[in-house]
$ cat data_13.txt   # compact mmCIF, C-alpha atoms
# COMPACT_ATOMS: atom_id res chain seq x y z
CA MET A 1 0.00 0.00 0.00
CA SER A 2 1.44 3.33 -1.01
CA GLU A 3 1.55 6.42 1.16
CA LEU A 4 -1.31 8.89 1.22
CA ALA A 5 -0.89 11.79 -1.16
CA THR A 6 1.63 14.53 -0.55
CA PHE A 7 1.53 17.85 -2.35
CA THR A 8 4.31 20.30 -3.16
CA ILE A 9 4.04 23.65 -4.92
CA GLU A 10 6.67 25.55 -6.87
CA ASN A 11 5.94 29.00 -8.25
CA TYR A 12 7.17 29.80 -11.74
CA LYS A 13 6.67 32.93 -13.76
CA ARG A 14 4.23 31.32 -16.19
CA ALA A 15 2.47 28.81 -13.95
CA ASP A 16 2.41 27.13 -10.56
CA LEU A 17 3.74 23.60 -10.52
CA ILE A 18 1.90 21.28 -8.16
CA LYS A 19 3.35 17.85 -7.63
CA ILE A 20 1.07 15.16 -6.24
CA SER A 21 2.59 11.90 -5.13
CA GLY A 22 1.35 8.80 -3.34
CA ARG A 23 -2.28 7.88 -3.30
CA LEU A 24 -5.19 10.22 -4.02
CA ASP A 25 -8.62 8.85 -3.16
CA SER A 26 -11.84 9.81 -1.38
CA SER A 27 -10.10 9.84 2.01
CA ASN A 28 -7.78 12.72 1.12
CA ALA A 29 -9.06 14.33 -2.11
CA SER A 30 -10.57 17.23 -0.14
CA LYS A 31 -7.00 18.26 0.80
CA LEU A 32 -6.29 18.68 -2.90
CA GLU A 33 -9.45 20.75 -3.24
CA ASP A 34 -8.31 23.03 -0.39
CA LEU A 35 -4.89 23.44 -1.95
CA LEU A 36 -6.17 24.17 -5.46
CA THR A 37 -8.77 26.61 -4.11
CA THR A 38 -6.04 28.49 -2.24
CA VAL A 39 -3.82 28.66 -5.33
CA LEU A 40 -6.68 30.01 -7.47
CA ASP A 41 -7.72 32.48 -4.78
CA GLU A 42 -4.16 33.82 -4.76
CA GLY A 43 -4.64 34.80 -8.39
CA GLN A 44 -2.89 31.99 -10.25
CA LYS A 45 -4.82 30.73 -13.27
CA ASN A 46 -2.19 28.58 -14.96
CA LEU A 47 -1.42 25.29 -13.25
CA VAL A 48 0.78 22.33 -14.09
CA ILE A 49 -0.03 19.18 -12.14
CA GLU A 50 2.91 16.77 -12.07
CA LEU A 51 1.80 13.17 -11.55
CA SER A 52 4.85 10.98 -12.14
CA GLU A 53 4.81 9.69 -8.56
CA LEU A 54 1.07 9.42 -8.12
CA ASP A 55 0.49 5.68 -7.72
CA TYR A 56 -3.26 5.68 -7.32
CA LEU A 57 -6.05 7.99 -8.44
CA SER A 58 -9.78 7.38 -7.99
CA SER A 59 -12.83 9.32 -9.20
CA ALA A 60 -12.73 11.49 -6.07
CA GLY A 61 -9.38 12.98 -7.10
CA ILE A 62 -10.47 13.34 -10.72
CA ARG A 63 -13.52 15.30 -9.56
CA TYR A 64 -11.30 18.05 -8.14
CA LEU A 65 -8.92 18.08 -11.10
CA VAL A 66 -11.85 18.59 -13.50
CA GLY A 67 -13.41 21.23 -11.24
CA THR A 68 -10.12 23.11 -11.08
CA LEU A 69 -9.61 22.84 -14.82
CA LYS A 70 -13.00 24.45 -15.27
CA GLU A 71 -12.11 27.27 -12.85
CA CYS A 72 -8.76 27.91 -14.55
CA ARG A 73 -10.38 28.17 -17.99
CA LYS A 74 -13.10 30.42 -16.64
CA ARG A 75 -10.30 32.80 -15.61
CA GLY A 76 -8.57 32.57 -18.98
CA GLY A 77 -5.97 30.06 -17.83
CA ASP A 78 -5.55 26.30 -17.98
CA LEU A 79 -4.63 23.22 -15.96
CA ARG A 80 -2.12 20.98 -17.72
CA ILE A 81 -0.75 17.63 -16.68
CA ALA A 82 2.93 16.67 -16.72
CA SER A 83 4.39 13.15 -16.83
CA PRO A 84 1.49 11.10 -15.50
CA SER A 85 2.45 7.67 -14.16
CA ALA A 86 1.27 4.69 -16.22
CA ARG A 87 -1.54 3.98 -13.76
CA VAL A 88 -2.75 7.56 -13.70
CA ASP A 89 -2.63 7.65 -17.47
CA GLU A 90 -4.78 4.50 -17.58
CA VAL A 91 -7.29 5.94 -15.10
CA LEU A 92 -7.57 9.14 -17.17
CA ARG A 93 -8.06 7.01 -20.29
CA MET A 94 -10.81 4.95 -18.62
CA ALA A 95 -12.48 8.18 -17.51
CA GLY A 96 -12.43 9.49 -21.09
CA LEU A 97 -10.41 12.49 -19.94
CA LYS A 98 -7.30 12.21 -22.05
CA SER A 99 -8.61 14.77 -24.51
CA LEU A 100 -9.82 17.11 -21.77
CA PHE A 101 -6.39 17.70 -20.20
CA ALA A 102 -3.39 18.83 -22.21
CA THR A 103 -0.65 16.40 -21.15
CA TYR A 104 3.12 16.79 -21.47
CA GLY A 105 6.02 14.38 -21.04
CA ASP A 106 7.84 16.53 -18.49
CA THR A 107 7.35 19.60 -16.34
CA THR A 108 9.64 21.81 -18.43
CA ALA A 109 7.51 21.24 -21.51
CA ALA A 110 4.29 21.71 -19.53
CA ILE A 111 5.39 24.99 -17.92
CA GLY A 112 6.89 26.18 -21.20
CA SER A 113 3.58 25.56 -22.94
CA PHE A 114 2.07 28.58 -21.18
CA MET B 1 -1.05 -9.19 -12.57
CA ALA B 2 -0.15 -6.02 -10.66
CA GLU B 3 -2.22 -3.97 -13.09
CA GLU B 4 -5.22 -6.27 -12.64
CA VAL B 5 -4.90 -5.98 -8.87
CA PHE B 6 -4.74 -2.19 -9.22
CA LYS B 7 -7.94 -2.14 -11.27
CA LEU B 8 -9.76 -4.50 -8.90
CA GLN B 9 -8.69 -2.24 -6.05
CA LEU B 10 -10.04 0.80 -7.91
CA ALA B 11 -13.40 -0.90 -8.62
CA THR B 12 -13.69 -1.91 -4.95
CA ASP B 13 -12.70 1.58 -3.78
CA GLU B 14 -15.37 3.15 -6.00
CA ALA B 15 -18.05 0.70 -4.84
CA PHE B 16 -17.14 1.31 -1.19
CA THR B 17 -17.09 5.10 -1.69
CA ASN B 18 -20.54 4.96 -3.30
CA ILE B 19 -21.88 3.12 -0.25
CA VAL B 20 -20.34 5.58 2.21
CA GLU B 21 -21.45 8.65 0.25
CA HIS B 22 -24.84 7.53 -1.04
CA ALA B 23 -26.16 4.47 0.82
CA TYR B 24 -25.13 5.91 4.20
CA GLY B 25 -25.19 9.56 3.17
CA GLY B 26 -21.64 10.18 4.36
CA GLN B 27 -22.66 10.35 8.03
CA ALA B 28 -23.35 6.98 9.52
CA PRO B 29 -20.38 6.09 11.70
CA HIS B 30 -22.08 3.10 13.31
CA ASP B 31 -23.15 1.43 10.12
CA HIS B 32 -20.84 -1.01 8.46
CA VAL B 33 -19.91 -2.49 5.11
CA GLU B 34 -18.99 -6.12 4.59
CA LEU B 35 -16.54 -6.96 1.84
CA LEU B 36 -16.02 -10.47 0.58
CA CYS B 37 -13.86 -11.64 -2.30
CA TRP B 38 -13.14 -15.03 -3.74
CA SER B 39 -12.36 -16.78 -7.00
CA GLU B 40 -14.74 -19.22 -8.59
CA GLY B 41 -14.88 -20.82 -12.01
CA GLY B 42 -12.35 -18.48 -13.58
CA PHE B 43 -13.92 -15.36 -12.10
CA PHE B 44 -12.72 -13.14 -9.31
CA ILE B 45 -15.76 -12.01 -7.35
CA ILE B 46 -16.07 -9.02 -5.04
CA GLU B 47 -19.21 -8.65 -2.95
CA LEU B 48 -20.16 -5.71 -0.77
CA HIS B 49 -23.01 -5.73 1.76
CA ASP B 50 -24.52 -2.68 3.40
CA HIS B 51 -27.72 -1.69 5.18
CA GLY B 52 -28.14 1.80 3.76
CA ARG B 53 -30.22 3.15 0.93
CA GLY B 54 -30.47 0.68 -1.97
CA PHE B 55 -28.45 1.24 -5.11
CA ASP B 56 -29.10 -0.70 -8.30
CA PRO B 57 -26.42 0.10 -10.89
CA SER B 58 -28.62 -1.24 -13.68
CA GLN B 59 -30.95 1.73 -13.07
CA ILE B 60 -28.15 4.24 -13.72
CA PRO B 61 -27.63 5.21 -17.37
CA PRO B 62 -24.21 4.74 -18.96
CA HIS B 63 -21.61 7.39 -18.30
CA LEU B 64 -21.40 9.99 -21.05
CA PRO B 65 -18.07 11.32 -22.33
CA LEU B 66 -16.94 14.06 -20.01
CA ASN B 67 -16.79 17.63 -21.10
CA LEU B 68 -16.57 20.84 -19.13
CA ASP B 69 -20.15 21.88 -19.83
CA ASN B 70 -21.54 18.59 -18.69
CA PRO B 71 -19.09 17.01 -16.28
CA GLN B 72 -20.80 13.75 -15.31
CA ILE B 73 -18.32 13.39 -12.50
CA GLY B 74 -20.89 12.02 -10.07
CA GLY B 75 -21.19 8.85 -12.12
CA LEU B 76 -17.50 8.37 -12.73
CA GLY B 77 -17.03 5.83 -9.94
CA LEU B 78 -19.76 3.61 -11.37
CA HIS B 79 -18.26 4.10 -14.83
CA PHE B 80 -14.92 2.72 -13.55
CA MET B 81 -16.69 -0.22 -11.91
CA ARG B 82 -18.41 -1.03 -15.21
CA GLN B 83 -15.22 -0.62 -17.22
CA ILE B 84 -13.12 -2.80 -14.94
CA MET B 85 -15.55 -5.56 -14.00
CA ASP B 86 -17.33 -7.91 -16.40
CA ASP B 87 -20.65 -7.56 -14.64
CA LEU B 88 -22.33 -5.93 -11.67
CA GLN B 89 -25.37 -7.42 -9.97
CA TYR B 90 -27.45 -5.77 -7.29
CA SER B 91 -29.87 -7.60 -5.02
CA PHE B 92 -31.52 -7.09 -1.67
CA ASP B 93 -31.32 -9.76 0.98
CA PRO B 94 -33.12 -9.43 4.36
CA THR B 95 -30.02 -10.68 6.19
CA HIS B 96 -27.23 -8.97 4.29
CA GLY B 97 -29.14 -5.89 3.11
CA ASN B 98 -27.95 -4.45 -0.17
CA VAL B 99 -25.68 -6.88 -1.98
CA LEU B 100 -23.50 -5.66 -4.83
CA LYS B 101 -21.73 -8.49 -6.60
CA MET B 102 -19.00 -7.64 -9.11
CA ARG B 103 -17.36 -10.30 -11.26
CA LYS B 104 -14.16 -10.15 -13.26
CA ASN B 105 -13.10 -12.86 -15.66
CA LEU B 106 -9.64 -13.77 -14.41
CA PRO B 107 -8.83 -17.29 -15.59
CA HIS B 108 -5.48 -17.50 -13.77
CA ALA B 109 -7.01 -16.64 -10.37
CA THR B 110 -7.13 -20.11 -8.89
CA SER B 111 -7.02 -19.68 -5.12
CA SER B 112 -10.15 -18.91 -3.20
CA GLY B 113 -11.11 -17.48 0.19

$ encode --input "data_13.txt" --output "structure tokens"
Amino acid sequence: MSELATFTIENYKRADLIKISGRLDSSNASKLEDLLTTVLDEGQKNLVIELSELDYLSSAGIRYLVGTLKECRKRGGDLRIASPSARVDEVLRMAGLKSLFATYGDTTAAIGSF
Amino acid sequence: MAEEVFKLQLATDEAFTNIVEHAYGGQAPHDHVELLCWSEGGFFIIELHDHGRGFDPSQIPPHLPLNLDNPQIGGLGLHFMRQIMDDLQYSFDPTHGNVLKMRKNLPHATSSG
């Protein structure tokens, strides 16, 4: 069993980089919601979510990613995904979300895309 | 095999979350959920029992493709359960309450219990 999710934020000129690692499910997805709400409230509208070390993602986590994507676009920004792990990529595919999120192979490309 | 275990875990997680959030309304600390799993005839079977509000997945329409104008996020957990498992059966039993039985064809799952 992997660890519960941990979140780190790095601020770049073009976007905030949020790295989520571990396990994101219904028991801790509200922490992601709190974090993303704070970031948006601080005025950031461009987000890169780095998911290379996220081992597990359920619908509860996806709910907040989609909600935040919607908020970012409403503000003229975007939420883009960098280097999703194979499992996360498969979960996004099963959800039919691969076309909804712009996805990049690494964080440099994702941040540079803004 | 690890990927199959991951998907079975996701289907179980989603079924359990649906029970906590919908059958028990997210606020029933004294209620409980029983989880059983076993292999039988080439299938891996996961069964969940609860005593909350009934939930028959066959009454829920298929999940539509997500888009931002119509994010059918509420049904995403059931969508995963349907995608991962070969079939879902709901029944009500006076002893066990709501019974959700999910089967996955997994020919190399030979042990049981």

$ residues_around --input "data_13.txt" --residues "B:Phe44" --least-positions-apart "3" --cutoff "8 Å" --atoms "only C-alpha atoms" --output "number ranges by chain"
B: 37-40, 103-106, 109

$ write_last_selection --input "data_13.txt" --atoms "C-alpha atoms" --output "PDB file, keeping the file's coordinate frame"
ATOM      1  CA  CYS B  37     -13.860 -11.640  -2.300  1.00  0.00           C
ATOM      2  CA  TRP B  38     -13.140 -15.030  -3.740  1.00  0.00           C
ATOM      3  CA  SER B  39     -12.360 -16.780  -7.000  1.00  0.00           C
ATOM      4  CA  GLU B  40     -14.740 -19.220  -8.590  1.00  0.00           C
ATOM      5  CA  ARG B 103     -17.360 -10.300 -11.260  1.00  0.00           C
ATOM      6  CA  LYS B 104     -14.160 -10.150 -13.260  1.00  0.00           C
ATOM      7  CA  ASN B 105     -13.100 -12.860 -15.660  1.00  0.00           C
ATOM      8  CA  LEU B 106      -9.640 -13.770 -14.410  1.00  0.00           C
ATOM      9  CA  ALA B 109      -7.010 -16.640 -10.370  1.00  0.00           C
TER      10      ALA B 109
END

$ interface_residues --input "data_13.txt" --of "chain A" --to "chain B" --cutoff "7 Å" --atoms "only C-alpha atoms" --output "list in words"
Ser58, Ser59, Arg63, Lys70, Met94, Ala95, Gly96 and Leu97 of chain A

$ atom_distance --input "data_13.txt" --atom1 "atom CA of B:Gln59" --atom2 "atom CA of B:Arg82"
13.0 Å

$ atom_distance --input "data_13.txt" --atom1 "atom CA of A:Ala82" --atom2 "atom CA of A:Tyr12"
14.7 Å

$ atom_distance --input "data_13.txt" --atom1 "atom CA of B:His49" --atom2 "atom CA of B:His32"
8.5 Å

$ closest_residue --input "data_13.txt" --among "A:Glu50, A:Leu24, A:Lys31, A:Tyr56" --to "A:Glu90" --atoms "only C-alpha atoms"
A:Tyr56

$ residues_around --input "data_13.txt" --residues "A:Thr68" --least-positions-apart "4" --cutoff "9 Å" --atoms "all atoms listed in the file" --output "list in words"
Glu33, Leu36, Thr37, Leu40, Arg63, Tyr64, Cys72, Arg73, Asp78 and Leu79 of chain A

$ residues_around --input "data_13.txt" --residues "A:Leu17" --least-positions-apart "6" --cutoff "8 Å" --atoms "only C-alpha atoms" --output "ChimeraX atom specification"
/A:9-11,47-50,107,111

$ closest_residue --input "data_13.txt" --among "A:Val66, A:Arg80, A:Ser52, A:Asp89" --to "A:Ala15" --atoms "only C-alpha atoms"
A:Arg80

$ closest_residue --input "data_13.txt" --among "A:Ser85, A:Phe7, A:Lys13, A:Ser26" --to "B:Ala15" --atoms "only C-alpha atoms"
A:Ser26

$ closest_residue --input "data_13.txt" --among "A:Ala109, A:Ala102, A:Ala5, A:Ser27" --to "B:Val20" --atoms "all atoms listed in the file"
A:Ser27

$ closest_residue --input "data_13.txt" --among "B:Asn18, B:Leu8, B:Glu34, B:Gly52" --to "B:Met102" --atoms "only C-alpha atoms"
B:Leu8

$ residues_around --input "data_13.txt" --residues "stretch 89-92 of chain B" --least-positions-apart "3" --cutoff "10 Å" --atoms "all atoms listed in the file" --output "list of chain:residue names"
B:Glu47, B:Leu48, B:His49, B:Asp50, B:His51, B:Gly54, B:Phe55, B:Asp56, B:Pro57, B:Ser58, B:Thr95, B:His96, B:Gly97, B:Asn98, B:Val99, B:Leu100, B:Lys101, B:Met102, B:Arg103

$ closest_residue --input "data_13.txt" --among "B:Ile19, B:His108, B:Thr12, B:Met81" --to "B:Leu36" --atoms "only C-alpha atoms"
B:Thr12
